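Data file: data_34.cif. Format and content: mmCIF, C-alpha atoms and all ligand atoms.
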data_input
#
loop_
_atom_site.label_atom_id
_atom_site.label_comp_id
_atom_site.auth_asym_id
_atom_site.auth_seq_id
_atom_site.Cartn_x
_atom_site.Cartn_y
_atom_site.Cartn_z
CA MET A 1 94.63 -17.14 64.88
CA GLY A 2 93.47 -13.52 64.58
CA ALA A 3 94.18 -10.57 66.89
CA GLY A 4 90.93 -8.63 66.58
CA LEU A 5 88.25 -8.38 69.25
CA ALA A 6 87.46 -12.10 68.91
CA GLY A 7 91.08 -13.27 69.07
CA VAL A 8 92.31 -10.99 71.86
CA THR A 9 89.38 -11.68 74.20
CA THR A 10 89.79 -15.43 73.60
CA ALA A 11 93.50 -15.21 74.33
CA TRP A 12 92.76 -13.30 77.54
CA TYR A 13 90.36 -15.91 78.90
CA LEU A 14 92.57 -18.81 77.79
CA ALA A 15 95.57 -17.23 79.50
CA LYS A 16 93.54 -16.64 82.67
CA ASP A 17 92.65 -20.35 82.56
CA GLY A 18 96.37 -21.14 82.63
CA HIS A 19 96.87 -22.19 79.01
CA GLU A 20 100.04 -21.41 77.11
CA VAL A 21 98.78 -19.07 74.38
CA VAL A 22 100.21 -17.76 71.12
CA VAL A 23 98.24 -15.23 69.03
CA ILE A 24 99.07 -15.04 65.32
CA ASP A 25 98.08 -12.11 63.09
CA ARG A 26 99.35 -10.81 59.79
CA GLU A 27 99.16 -7.16 60.84
CA PRO A 28 101.91 -5.40 62.82
CA GLU A 29 99.54 -4.46 65.66
CA VAL A 30 96.50 -6.06 67.29
CA ALA A 31 93.04 -4.81 66.19
CA ALA A 32 94.21 -3.60 62.79
CA ALA A 33 91.30 -4.93 60.69
CA ALA A 34 87.56 -4.68 61.50
CA SER A 35 88.28 -3.97 65.15
CA TYR A 36 90.34 -0.87 64.34
CA ALA A 37 88.10 2.08 63.57
CA ASN A 38 84.60 0.95 64.38
CA THR A 39 82.25 3.18 66.34
CA GLY A 40 82.71 1.12 69.47
CA ILE A 41 79.09 1.28 70.52
CA ILE A 42 78.03 -1.51 72.86
CA ALA A 43 74.44 -1.37 71.73
CA ALA A 44 73.13 -4.10 74.02
CA SER A 45 69.58 -2.75 73.99
CA ARG A 46 69.55 -2.90 70.19
CA ALA A 47 70.61 -6.52 69.74
CA PHE A 48 68.17 -7.21 66.95
CA PRO A 49 69.18 -9.35 63.99
CA TRP A 50 69.88 -7.09 61.03
CA SER A 51 66.55 -6.19 59.59
CA GLY A 52 65.37 -7.23 56.16
CA GLY A 53 65.33 -3.54 55.25
CA GLU A 54 68.98 -2.96 56.10
CA VAL A 55 70.25 -6.02 54.27
CA GLY A 56 67.67 -5.70 51.49
CA ARG A 57 68.95 -2.23 50.61
CA ALA A 58 72.55 -3.43 50.59
CA LEU A 59 71.64 -6.52 48.56
CA ARG A 60 69.81 -4.42 45.98
CA ARG A 61 72.80 -2.10 45.62
CA SER A 62 74.98 -5.15 45.07
CA ALA A 63 72.56 -7.04 42.84
CA LEU A 64 74.99 -7.36 39.98
CA ARG A 65 77.67 -9.17 41.91
CA LEU A 66 78.57 -12.39 40.13
CA ASP A 67 79.76 -14.12 43.25
CA PRO A 68 78.14 -17.45 44.18
CA GLU A 69 79.26 -17.07 47.79
CA PHE A 70 77.45 -13.74 48.00
CA TRP A 71 74.26 -15.24 46.56
CA LEU A 72 74.38 -18.19 48.95
CA TRP A 73 74.76 -15.77 51.87
CA GLY A 74 71.94 -13.54 50.57
CA THR A 75 69.60 -16.50 50.10
CA GLN A 76 70.31 -17.78 53.60
CA HIS A 77 69.63 -14.33 55.00
CA ILE A 78 66.30 -14.03 53.17
CA LEU A 79 65.28 -17.52 54.35
CA LEU A 80 65.96 -16.41 57.90
CA ARG A 81 63.66 -13.43 57.44
CA THR A 82 60.89 -15.52 55.92
CA GLY A 83 61.45 -18.88 57.63
CA GLY A 84 60.28 -18.11 61.16
CA SER A 85 63.69 -18.43 62.80
CA TYR A 86 63.91 -14.70 63.54
CA ARG A 87 62.89 -15.17 67.17
CA ARG A 88 65.48 -17.92 67.71
CA VAL A 89 68.21 -15.66 66.32
CA PHE A 90 67.00 -12.71 68.37
CA ASP A 91 67.08 -14.80 71.55
CA ALA A 92 70.60 -16.05 70.80
CA LYS A 93 71.84 -12.53 70.13
CA VAL A 94 70.33 -11.09 73.31
CA ARG A 95 71.74 -13.97 75.37
CA LEU A 96 75.24 -13.34 74.05
CA VAL A 97 75.11 -9.54 74.30
CA ARG A 98 73.80 -9.61 77.84
CA TYR A 99 76.47 -12.10 78.88
CA SER A 100 79.14 -9.92 77.26
CA GLN A 101 77.86 -6.83 79.02
CA GLN A 102 78.23 -8.61 82.36
CA LEU A 103 81.78 -9.77 81.51
CA MET A 104 82.78 -6.29 80.31
CA GLN A 105 82.07 -4.98 83.82
CA GLU A 106 84.58 -7.47 85.18
CA ILE A 107 87.23 -6.61 82.57
CA GLU A 108 86.93 -2.97 83.66
CA LEU A 109 88.56 -1.31 80.67
CA ASN A 110 87.78 2.26 79.79
CA THR A 111 84.38 2.83 78.18
CA LEU A 112 82.01 5.78 77.96
CA ARG A 113 79.26 4.92 80.40
CA ASN A 114 76.72 7.70 79.93
CA GLY A 115 74.37 5.70 77.70
CA VAL A 116 73.66 5.71 73.97
CA LEU A 117 71.10 7.70 71.96
CA TYR A 118 69.23 6.21 68.99
CA LEU A 119 67.99 9.21 67.01
CA TYR A 120 64.97 9.36 64.68
CA ARG A 121 64.12 12.12 62.27
CA GLU A 122 60.54 11.04 61.52
CA ALA A 123 57.79 10.68 64.14
CA ALA A 124 56.51 7.47 62.53
CA ALA A 125 59.95 5.86 62.63
CA LEU A 126 60.36 6.84 66.28
CA GLU A 127 56.99 5.32 67.12
CA GLU A 128 57.87 2.11 65.25
CA ALA A 129 61.22 1.89 67.05
CA TRP A 130 59.53 2.42 70.39
CA GLN A 131 57.11 -0.42 69.64
CA ARG A 132 59.96 -2.68 68.57
CA ALA A 133 61.93 -1.74 71.68
CA GLY A 134 59.09 -3.24 73.72
CA ALA A 135 60.74 -6.64 73.18
CA MET A 136 63.96 -5.36 74.77
CA ARG A 137 62.18 -3.56 77.61
CA ALA A 138 60.32 -6.78 78.37
CA LEU A 139 63.73 -8.43 78.79
CA GLY A 140 64.82 -5.78 81.29
CA PHE A 141 66.83 -3.42 79.05
CA GLU A 142 66.30 0.18 80.08
CA LEU A 143 65.09 2.38 77.22
CA GLU A 144 63.52 5.82 77.44
CA ARG A 145 61.64 7.67 74.75
CA LEU A 146 62.69 11.30 74.32
CA ASP A 147 61.27 14.07 72.18
CA ALA A 148 63.62 16.56 70.46
CA VAL A 149 63.69 18.79 73.54
CA GLY A 150 64.61 15.81 75.70
CA VAL A 151 67.46 14.97 73.33
CA ARG A 152 68.69 18.56 73.50
CA ALA A 153 68.76 18.35 77.30
CA LEU A 154 71.31 15.52 76.98
CA GLU A 155 73.07 16.91 73.92
CA PRO A 156 73.36 20.71 74.12
CA GLY A 157 75.23 20.89 70.78
CA ILE A 158 72.60 19.07 68.69
CA ASP A 159 70.28 20.80 66.25
CA PRO A 160 66.85 19.62 67.52
CA ALA A 161 65.07 20.88 64.39
CA ARG A 162 66.41 17.79 62.60
CA LEU A 163 64.83 15.33 65.00
CA ALA A 164 61.53 13.77 65.97
CA GLY A 165 63.21 12.34 69.05
CA ALA A 166 65.26 9.41 70.25
CA LEU A 167 65.39 6.27 72.29
CA TYR A 168 67.90 6.63 75.08
CA ALA A 169 69.56 3.55 76.55
CA PRO A 170 71.34 4.59 79.78
CA GLY A 171 72.89 1.12 80.15
CA ASP A 172 74.52 0.98 76.71
CA GLN A 173 78.14 2.04 76.40
CA ALA A 174 80.81 2.97 73.89
CA GLY A 175 84.56 2.86 73.74
CA ASP A 176 87.55 2.67 71.47
CA ALA A 177 87.58 -1.01 70.45
CA ALA A 178 91.17 -0.90 69.19
CA LEU A 179 92.39 0.66 72.42
CA PHE A 180 90.43 -1.97 74.33
CA CYS A 181 92.23 -4.71 72.33
CA ARG A 182 95.62 -3.10 72.85
CA GLU A 183 95.08 -2.78 76.60
CA LEU A 184 93.78 -6.33 76.88
CA ALA A 185 96.72 -7.57 74.79
CA ALA A 186 99.08 -5.86 77.26
CA ARG A 187 97.36 -7.70 80.11
CA CYS A 188 97.67 -10.94 78.07
CA ARG A 189 101.40 -10.35 77.60
CA ALA A 190 101.73 -9.89 81.35
CA LEU A 191 100.21 -13.38 81.71
CA GLY A 192 102.80 -14.78 79.28
CA VAL A 193 100.84 -14.71 76.00
CA ASN A 194 103.05 -14.37 72.92
CA PHE A 195 101.88 -12.33 69.94
CA TYR A 196 103.33 -13.44 66.60
CA LEU A 197 102.45 -10.34 64.59
CA GLU A 198 103.20 -9.50 60.93
CA ASN A 199 102.80 -13.21 60.42
CA GLU A 200 100.17 -14.38 57.98
CA VAL A 201 98.59 -17.82 58.38
CA LEU A 202 99.03 -19.47 55.00
CA SER A 203 97.55 -22.91 55.57
CA ILE A 204 96.47 -25.35 58.21
CA GLU A 205 97.88 -28.86 58.33
CA PRO A 206 95.44 -31.52 59.46
CA LEU A 207 96.20 -35.10 60.37
CA ASP A 208 93.02 -37.20 60.33
CA THR A 209 90.51 -35.40 62.54
CA ARG A 210 92.92 -32.96 64.18
CA ILE A 211 95.01 -29.95 63.22
CA ARG A 212 98.67 -30.64 63.79
CA GLU A 213 100.11 -27.24 62.96
CA VAL A 214 99.55 -24.10 60.97
CA VAL A 215 101.94 -22.84 58.36
CA THR A 216 102.66 -19.13 58.65
CA ARG A 217 104.85 -16.80 56.65
CA LYS A 218 107.50 -17.04 59.38
CA GLY A 219 107.32 -20.77 59.97
CA ARG A 220 105.20 -23.54 61.37
CA VAL A 221 103.31 -23.22 64.65
CA ARG A 222 102.35 -26.38 66.51
CA GLY A 223 99.62 -26.54 69.10
CA GLU A 224 97.20 -28.76 70.96
CA ALA A 225 94.25 -26.52 70.22
CA PHE A 226 93.66 -23.87 67.55
CA VAL A 227 91.12 -21.06 67.52
CA CYS A 228 90.00 -19.52 64.25
CA ALA A 229 89.18 -15.87 65.00
CA LEU A 230 90.23 -14.58 61.59
CA GLY A 231 87.20 -12.38 60.90
CA VAL A 232 86.83 -11.97 57.18
CA MET A 233 89.39 -14.44 55.87
CA GLU A 234 90.49 -15.41 52.42
CA ARG A 235 88.57 -18.09 50.60
CA LYS A 236 91.72 -20.16 50.15
CA LEU A 237 92.19 -20.49 53.88
CA ARG A 238 88.49 -20.97 54.55
CA GLU A 239 88.35 -23.88 52.17
CA GLN A 240 90.91 -25.75 54.27
CA LEU A 241 88.88 -25.57 57.46
CA GLY A 242 86.74 -28.57 56.56
CA THR A 243 83.63 -26.72 57.68
CA HIS A 244 81.42 -24.20 55.91
CA VAL A 245 82.14 -20.86 57.55
CA PRO A 246 79.16 -18.73 56.52
CA VAL A 247 80.91 -15.37 56.83
CA TYR A 248 80.73 -12.73 54.13
CA PRO A 249 82.32 -9.26 54.32
CA VAL A 250 79.94 -6.33 54.73
CA LYS A 251 81.91 -3.21 54.02
CA GLY A 252 81.54 -0.02 56.04
CA PHE A 253 83.24 3.37 56.18
CA SER A 254 84.83 5.08 59.13
CA ALA A 255 86.15 8.60 59.65
CA THR A 256 87.88 9.96 62.73
CA LEU A 257 87.60 13.72 62.98
CA PRO A 258 89.44 16.08 65.36
CA LEU A 259 87.10 18.24 67.44
CA VAL A 260 87.34 21.98 66.88
CA ARG A 261 84.66 23.01 69.36
CA ALA A 262 84.13 20.63 72.24
CA ASP A 263 80.93 22.49 73.32
CA ALA A 264 79.38 21.84 69.88
CA ALA A 265 80.32 18.14 69.82
CA PRO A 266 78.34 15.08 70.93
CA GLN A 267 78.60 14.10 74.58
CA HIS A 268 77.17 10.62 74.00
CA ALA A 269 77.63 7.89 71.46
CA MET A 270 74.63 7.75 69.15
CA ILE A 271 73.17 6.28 66.01
CA ASP A 272 71.22 8.45 63.60
CA GLU A 273 68.85 5.62 62.70
CA SER A 274 67.27 7.57 59.85
CA ARG A 275 70.65 7.89 58.13
CA ARG A 276 72.23 4.72 59.55
CA VAL A 277 75.23 6.70 60.66
CA ALA A 278 76.86 6.15 64.06
CA LEU A 279 78.83 8.72 66.05
CA ALA A 280 81.01 8.33 69.10
CA PRO A 281 83.15 10.91 70.93
CA LEU A 282 86.40 9.04 71.56
CA GLY A 283 89.40 10.62 73.25
CA GLY A 284 89.04 14.18 71.96
CA GLU A 285 87.95 13.09 68.49
CA LEU A 286 84.69 12.14 66.86
CA ARG A 287 84.40 8.72 65.24
CA VAL A 288 81.68 8.53 62.61
CA THR A 289 80.82 5.38 60.67
CA GLY A 290 78.23 4.17 58.23
CA GLY A 291 77.60 2.20 55.09
CA ALA A 292 76.82 -1.47 54.57
CA GLU A 293 77.92 -2.77 51.20
CA PHE A 294 78.52 -6.17 49.73
CA ALA A 295 81.69 -5.34 47.82
CA GLY A 296 83.36 -8.73 48.04
CA TYR A 297 86.81 -8.72 49.56
CA GLU A 298 88.02 -5.32 48.35
CA LYS A 299 88.53 -2.50 50.84
CA SER A 300 88.95 0.55 48.63
CA HIS A 301 87.18 3.81 49.35
CA GLU A 302 86.36 7.04 47.53
CA PRO A 303 85.80 10.53 48.97
CA GLN A 304 82.07 10.27 48.17
CA ASP A 305 81.75 7.24 50.48
CA PHE A 306 82.23 9.60 53.42
CA ALA A 307 79.84 12.33 52.23
CA PRO A 308 76.75 10.83 53.98
CA LEU A 309 78.77 10.53 57.19
CA TYR A 310 79.95 14.14 57.07
CA ASP A 311 76.49 15.42 56.06
CA THR A 312 75.01 13.78 59.13
CA VAL A 313 77.57 15.37 61.46
CA LYS A 314 77.19 18.77 59.74
CA GLN A 315 73.42 18.62 60.18
CA LEU A 316 73.36 17.41 63.76
CA PHE A 317 76.46 19.08 65.21
CA PRO A 318 77.36 22.06 63.02
CA GLY A 319 80.84 23.46 63.59
CA ALA A 320 81.99 20.64 65.88
CA VAL A 321 84.78 18.97 63.88
CA ASP A 322 87.48 19.56 61.28
CA TYR A 323 86.65 17.61 58.12
CA ALA A 324 89.92 18.52 56.39
CA ARG A 325 91.89 16.50 58.95
CA ALA A 326 89.72 13.37 58.82
CA ARG A 327 91.40 9.98 58.99
CA VAL A 328 89.35 7.63 56.88
CA ARG A 329 89.18 3.95 56.09
CA ALA A 330 86.92 1.20 54.85
CA CYS A 331 86.55 -1.98 56.87
CA GLN A 332 84.70 -5.26 56.65
CA ARG A 333 82.27 -6.69 59.14
CA PRO A 334 82.62 -10.49 59.27
CA MET A 335 78.91 -11.22 58.93
CA THR A 336 76.91 -14.46 59.00
CA PRO A 337 73.47 -14.57 57.34
CA GLU A 338 71.85 -14.56 60.79
CA THR A 339 74.17 -11.74 61.99
CA THR A 340 75.15 -13.89 64.99
CA PRO A 341 78.60 -15.43 65.48
CA ARG A 342 79.49 -19.12 65.44
CA PHE A 343 81.34 -21.11 68.09
CA GLY A 344 82.47 -24.69 68.58
CA THR A 345 84.28 -27.19 66.41
CA GLY A 346 83.55 -28.44 62.92
CA LYS A 347 85.36 -31.20 61.09
CA TYR A 348 88.52 -31.01 63.19
CA GLN A 349 88.28 -31.81 66.89
CA ASN A 350 90.87 -29.26 68.00
CA LEU A 351 89.93 -26.32 65.77
CA TRP A 352 87.47 -24.00 67.53
CA PHE A 353 85.70 -21.14 65.80
CA ASN A 354 85.01 -17.67 67.15
CA ILE A 355 83.82 -16.11 63.96
CA GLY A 356 81.13 -13.84 62.54
CA LEU A 357 80.92 -11.08 65.15
CA GLY A 358 79.32 -9.04 62.38
CA HIS A 359 78.00 -5.56 63.13
CA MET A 360 78.14 -5.97 66.93
CA GLY A 361 81.61 -7.31 67.58
CA PHE A 362 82.44 -4.99 70.47
CA ALA A 363 79.10 -5.72 72.11
CA MET A 364 79.65 -9.48 71.85
CA ALA A 365 83.43 -9.87 72.14
CA ALA A 366 83.81 -10.58 75.86
CA GLY A 367 81.12 -13.27 75.78
CA ALA A 368 82.51 -14.72 72.55
CA GLY A 369 86.01 -14.94 74.05
CA ARG A 370 84.80 -16.51 77.31
CA ILE A 371 82.62 -19.06 75.48
CA THR A 372 85.50 -20.06 73.21
CA ALA A 373 87.92 -20.42 76.12
CA ASP A 374 85.35 -22.54 77.98
CA LEU A 375 84.89 -24.82 74.98
CA VAL A 376 88.65 -25.22 74.49
CA SER A 377 89.02 -26.06 78.19
CA GLY A 378 86.24 -28.65 77.98
CA ARG A 379 83.84 -26.64 80.15
CA THR A 380 80.18 -25.98 79.44
CA PRO A 381 79.76 -22.28 78.64
CA ALA A 382 77.62 -20.22 80.99
CA ILE A 383 75.00 -19.51 78.31
CA ASN A 384 73.04 -21.82 76.06
CA LEU A 385 74.67 -21.94 72.60
CA GLU A 386 71.52 -22.73 70.67
CA GLY A 387 71.72 -20.81 67.40
CA LEU A 388 75.40 -19.97 67.99
CA ARG A 389 77.15 -23.19 67.01
CA ILE A 390 79.08 -23.76 63.83
CA ARG A 391 77.64 -26.58 61.73
CA ARG A 392 79.82 -29.65 61.60
CA HIS A 393 79.88 -30.06 57.82
C1 LIG A 401 82.14 0.63 59.99
C2 LIG A 401 81.98 -0.33 61.14
C3 LIG A 401 81.43 0.11 62.34
C4 LIG A 401 81.25 -0.79 63.40
N1 LIG A 401 80.73 -0.33 64.57
C5 LIG A 401 80.54 -1.19 65.60
C6 LIG A 401 80.01 -0.73 66.83
O1 LIG A 401 79.72 0.44 67.01
N2 LIG A 401 79.80 -1.64 67.82
C7 LIG A 401 80.11 -2.96 67.69
O2 LIG A 401 79.87 -3.74 68.61
N3 LIG A 401 80.65 -3.42 66.53
C8 LIG A 401 80.87 -2.57 65.49
N4 LIG A 401 81.40 -3.02 64.31
C9 LIG A 401 81.70 -4.45 64.19
C10 LIG A 401 83.04 -4.85 64.79
O3 LIG A 401 84.04 -3.94 64.37
C11 LIG A 401 83.39 -6.27 64.33
O4 LIG A 401 82.35 -7.15 64.65
C12 LIG A 401 84.65 -6.79 65.01
O5 LIG A 401 85.70 -5.88 64.85
C13 LIG A 401 85.05 -8.14 64.44
O6 LIG A 401 86.14 -8.60 65.19
P1 LIG A 401 86.92 -9.90 64.73
O7 LIG A 401 87.98 -10.12 65.73
O8 LIG A 401 85.97 -11.01 64.46
O9 LIG A 401 87.54 -9.51 63.30
P2 LIG A 401 88.85 -8.57 62.98
O10 LIG A 401 88.95 -7.43 63.91
O11 LIG A 401 88.78 -8.32 61.54
O12 LIG A 401 90.03 -9.56 63.34
C14 LIG A 401 90.44 -10.61 62.50
C15 LIG A 401 91.96 -10.63 62.51
O13 LIG A 401 92.42 -11.74 61.73
C16 LIG A 401 93.55 -11.33 61.01
N5 LIG A 401 93.72 -12.21 59.86
C17 LIG A 401 92.83 -12.49 58.89
N6 LIG A 401 93.34 -13.40 58.04
C18 LIG A 401 94.57 -13.71 58.50
C19 LIG A 401 95.59 -14.61 58.06
N7 LIG A 401 95.46 -15.35 56.98
N8 LIG A 401 96.72 -14.68 58.80
C20 LIG A 401 96.89 -13.94 59.93
N9 LIG A 401 95.97 -13.06 60.37
C21 LIG A 401 94.82 -12.96 59.66
C22 LIG A 401 93.29 -9.89 60.63
O14 LIG A 401 94.49 -9.21 60.40
C23 LIG A 401 92.55 -9.38 61.87
O15 LIG A 401 93.41 -8.76 62.80
C24 LIG A 401 81.61 -2.15 63.25
C25 LIG A 401 82.19 -2.58 62.06
C26 LIG A 401 82.38 -1.70 61.01
C27 LIG A 401 83.00 -2.19 59.75
#

Rewrite the structure from the file as structure tokens, please.
Ligand SMILES: Cc1cc2nc3c(=O)[nH]c(=O)nc-3n(C[C@H](O)[C@H](O)[C@H](O)COP(=O)(O)OP(=O)(O)OC[C@H]3O[C@@H](n4cnc5c(N)ncnc54)[C@H](O)[C@@H]3O)c2cc1C
Amino acid sequence: MGAGLAGVTTAWYLAKDGHEVVVIDREPEVAAAASYANTGIIAASRAFPWSGGEVGRALRRSALRLDPEFWLWGTQHILLRTGGSYRRVFDAKVRLVRYSQQLMQEIELNTLRNGVLYLYREAAALEEAWQRAGAMRALGFELERLDAVGVRALEPGIDPARLAGALYAPGDQAGDAALFCRELAARCRALGVNFYLENEVLSIEPLDTRIREVVTRKGRVRGEAFVCALGVMERKLREQLGTHVPVYPVKGFSATLPLVRADAAPQHAMIDESRRVALAPLGGELRVTGGAEFAGYEKSHEPQDFAPLYDTVKQLFPGAVDYARARVRACQRPMTPETTPRFGTGKYQNLWFNIGLGHMGFAMAAGAGRITADLVSGRTPAINLEGLRIRRH
């Protein structure tokens, strides 16, 4: 259930294992929700849990939300920050991202492999990031510190006056996550996987400790094993799963802008860390994303939501893109309080979860899919799942 990054990668590994697989999604095409217009940065060297600062700012902006689910999520996140489990979460995230990176090499789909830049506008912030990156360098991730001139050497179109410098991760990648899903779905189809699209899952039908079938808009679907990869899903459906799924939507904004001057445009994917805006050159266009809001389940957007994104591009790469022809949307990251996904079974023995890919779904998808397929097949996954299992109640 679910044809985003989580669902399609799971289907791929299940099909390769020889299972008969059906993928159900309510949208007419795969990767139509969170996996559609993300920046597609595989930021392996930046696999930190979301910082207190990032979530704190978003929580403060949303402080008036009268939503108990939101407050439970927020409290759990704050406890993580203060309760000493940060290191455990960090280790789990790095384990998964590194495993995914390795699997992505084997999948061999098209990604931009010239590294990723993490830009800083203030010297103090750059220094702090460099210190923090020590933890990643100690684990073998390659990260270089560049001053503004060094950034300009990699990015001839950038305005260096805006920058203190950057961290450059030559091993990080970027790609079009939706294209990746579509191409992987085509490979799945070639292995006999059926995609039941435009077909909403309405309810699940348990019998004792197992799921017997799911009820969809177009009929009932029976199966021996079910995988819940529904990303941000409706409360009504979540309540039937028999297990607390600690996912809350964190809304972001995405604009895809046609290039008008290729020589003025970015050559690398990058994150302007001072503005929390991410940029990726994808197939002759520039994808720019940003924003982290707790807006509940609504996905509306206003022109002003994109102003910080456009300002960042205008400042860093003046004259590179055509703002009048932007394609815009808001999307929801399926985020757990720890910002790590959850795998395994809960109340029902044949309902596996692959849920909560959060802000790093592309970076974690291959590992998440392989782990889920291993669990369904009764195999022990290649990495330790400590900190990545769904709770059973
Ligand atoms: C602005 C933004 C930028 C991002 N940038 C990056 C990035 O640079 N790098 C990175 O690694 N990650 C990034 N992410 C995160 C990444 O996009 C997500 O982690 C990932 O897409 C989640 O994949 P998923 O398969 O879990 O969820 P989704 O892609 O949302 O898939 C869930 C699927 O379930 C379907 N569904 C839900 N309910 C039902 C139902 N009842 N019946 C049938 N179908 C249903 C939906 O239609 C959807 O297709 C970004 C996210 C956002 C919002």

In terms of the shortest atom-to-atom distance over all atoms listed in the file, which of A:Ala37, A:Arg235, A:Phe317, A:Tyr196 is closest to A:Ala161?
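With all atoms listed in the file as the atom set, the closest residue is A:Phe317.
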
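Proximity to stretch 363-371 of chain A at 8 Å, evaluated using only C-alpha atoms and with sequence-adjacent residues fewer than 3 positions away removed, yields A:Leu5, A:Ala6, A:Gly7, A:Val8, A:Thr9, A:Thr10, A:Ala11, A:Trp12, A:Tyr13, A:Ile41, A:Ile42, A:Ala43, A:Ala44, A:Leu96, A:Val97, A:Tyr99, A:Ser100, A:Gln101, A:Leu103, A:Met104, A:Phe343, A:Asn354, A:Leu357, A:Met360, A:Asp374, A:Leu375, A:Pro381, A:Ala382.
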
Judged by all atoms listed in the file, the minimum distance to A:Thr243 among A:Leu279, A:Ala177, A:Ala34, A:Ile390 is found for A:Ile390

With 4 Å added on each side, what axis-aligned box encloses every listed atom of ligand LIG 401 (chain A)? Give the centre and edge lengths in Å to one decimal, as lines of an AutoDock Vina configuration file.
center_x = 88.3
center_y = -7.4
center_z = 62.8
size_x = 25.2
size_y = 24.0
size_z = 19.6

Around the point (85.6, 28.4, 63.9) (coordinates from the file), which residues reach within 8 Å if we count only C-alpha atoms? Answer as a PyMOL selection string.
chain A and resi 260-261+319

Let me see the file: selected residues, C-alpha atoms, as an mmCIF file, in the frame of the given file.
data_model
loop_
_atom_site.group_PDB
_atom_site.id
_atom_site.type_symbol
_atom_site.label_atom_id
_atom_site.label_comp_id
_atom_site.auth_asym_id
_atom_site.auth_seq_id
_atom_site.Cartn_x
_atom_site.Cartn_y
_atom_site.Cartn_z
ATOM 1 C CA VAL A 260 87.340 21.980 66.880
ATOM 2 C CA ARG A 261 84.660 23.010 69.360
ATOM 3 C CA GLY A 319 80.840 23.460 63.590
#

When you count only C-alpha atoms and all ligand atoms, which of these residues is closest to ligand LIG 401 (chain A): A:Glu183, A:Asp159, A:Glu27, A:Asp172?
A:Glu27

Polymer residues at most 9 Å from stretch 208-211 of chain A, all atoms listed in the file, same-chain spacing of 2 or more positions, as a PyMOL selection string:
chain A and resi 204-206+213-214+222-226+347-351

Now that the selection is made, can you save its residues with C-alpha atoms as a short mmCIF file (atom, residue, chain, number, x, y, z; two decimals), in the frame of the given file?
data_model
loop_
_atom_site.label_atom_id
_atom_site.label_comp_id
_atom_site.auth_asym_id
_atom_site.auth_seq_id
_atom_site.Cartn_x
_atom_site.Cartn_y
_atom_site.Cartn_z
CA ILE A 204 96.47 -25.35 58.21
CA GLU A 205 97.88 -28.86 58.33
CA PRO A 206 95.44 -31.52 59.46
CA GLU A 213 100.11 -27.24 62.96
CA VAL A 214 99.55 -24.10 60.97
CA ARG A 222 102.35 -26.38 66.51
CA GLY A 223 99.62 -26.54 69.10
CA GLU A 224 97.20 -28.76 70.96
CA ALA A 225 94.25 -26.52 70.22
CA PHE A 226 93.66 -23.87 67.55
CA LYS A 347 85.36 -31.20 61.09
CA TYR A 348 88.52 -31.01 63.19
CA GLN A 349 88.28 -31.81 66.89
CA ASN A 350 90.87 -29.26 68.00
CA LEU A 351 89.93 -26.32 65.77
#

Please provide as a count of residues only all residues within 12 Å of stretch 295-302 of chain A, with the sequence filter that same-chain residues fewer than 4 positions apart are discarded (counting only C-alpha atoms).
40

Between atom CA of A:Glu155 and atom CA of A:Gln304, what distance in Å does the model show, to one decimal?
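Taking atom CA of A:Glu155 as the start and atom CA of A:Gln304 as the end point, the length is 28.1 Å.
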
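Distance annotation: of A:Ala169, A:Ile24, A:Leu241, A:Leu109, the residue with the minimal separation from ligand LIG 401 (chain A) is A:Ile24; atom set is only C-alpha atoms and all ligand atoms.
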
May I ask which of the residues A:Val277, A:Val30, A:Leu163, A:Met270 is the closest one to ligand LIG 401 (chain A), counting only C-alpha atoms and all ligand atoms?
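Smallest separation from ligand LIG 401 (chain A) among the options: A:Val30.
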
Atom N7 of ligand LIG 401 (chain A) to atom CA of A:Gly219, distance in Å rounded to a single decimal:
13.4 Å
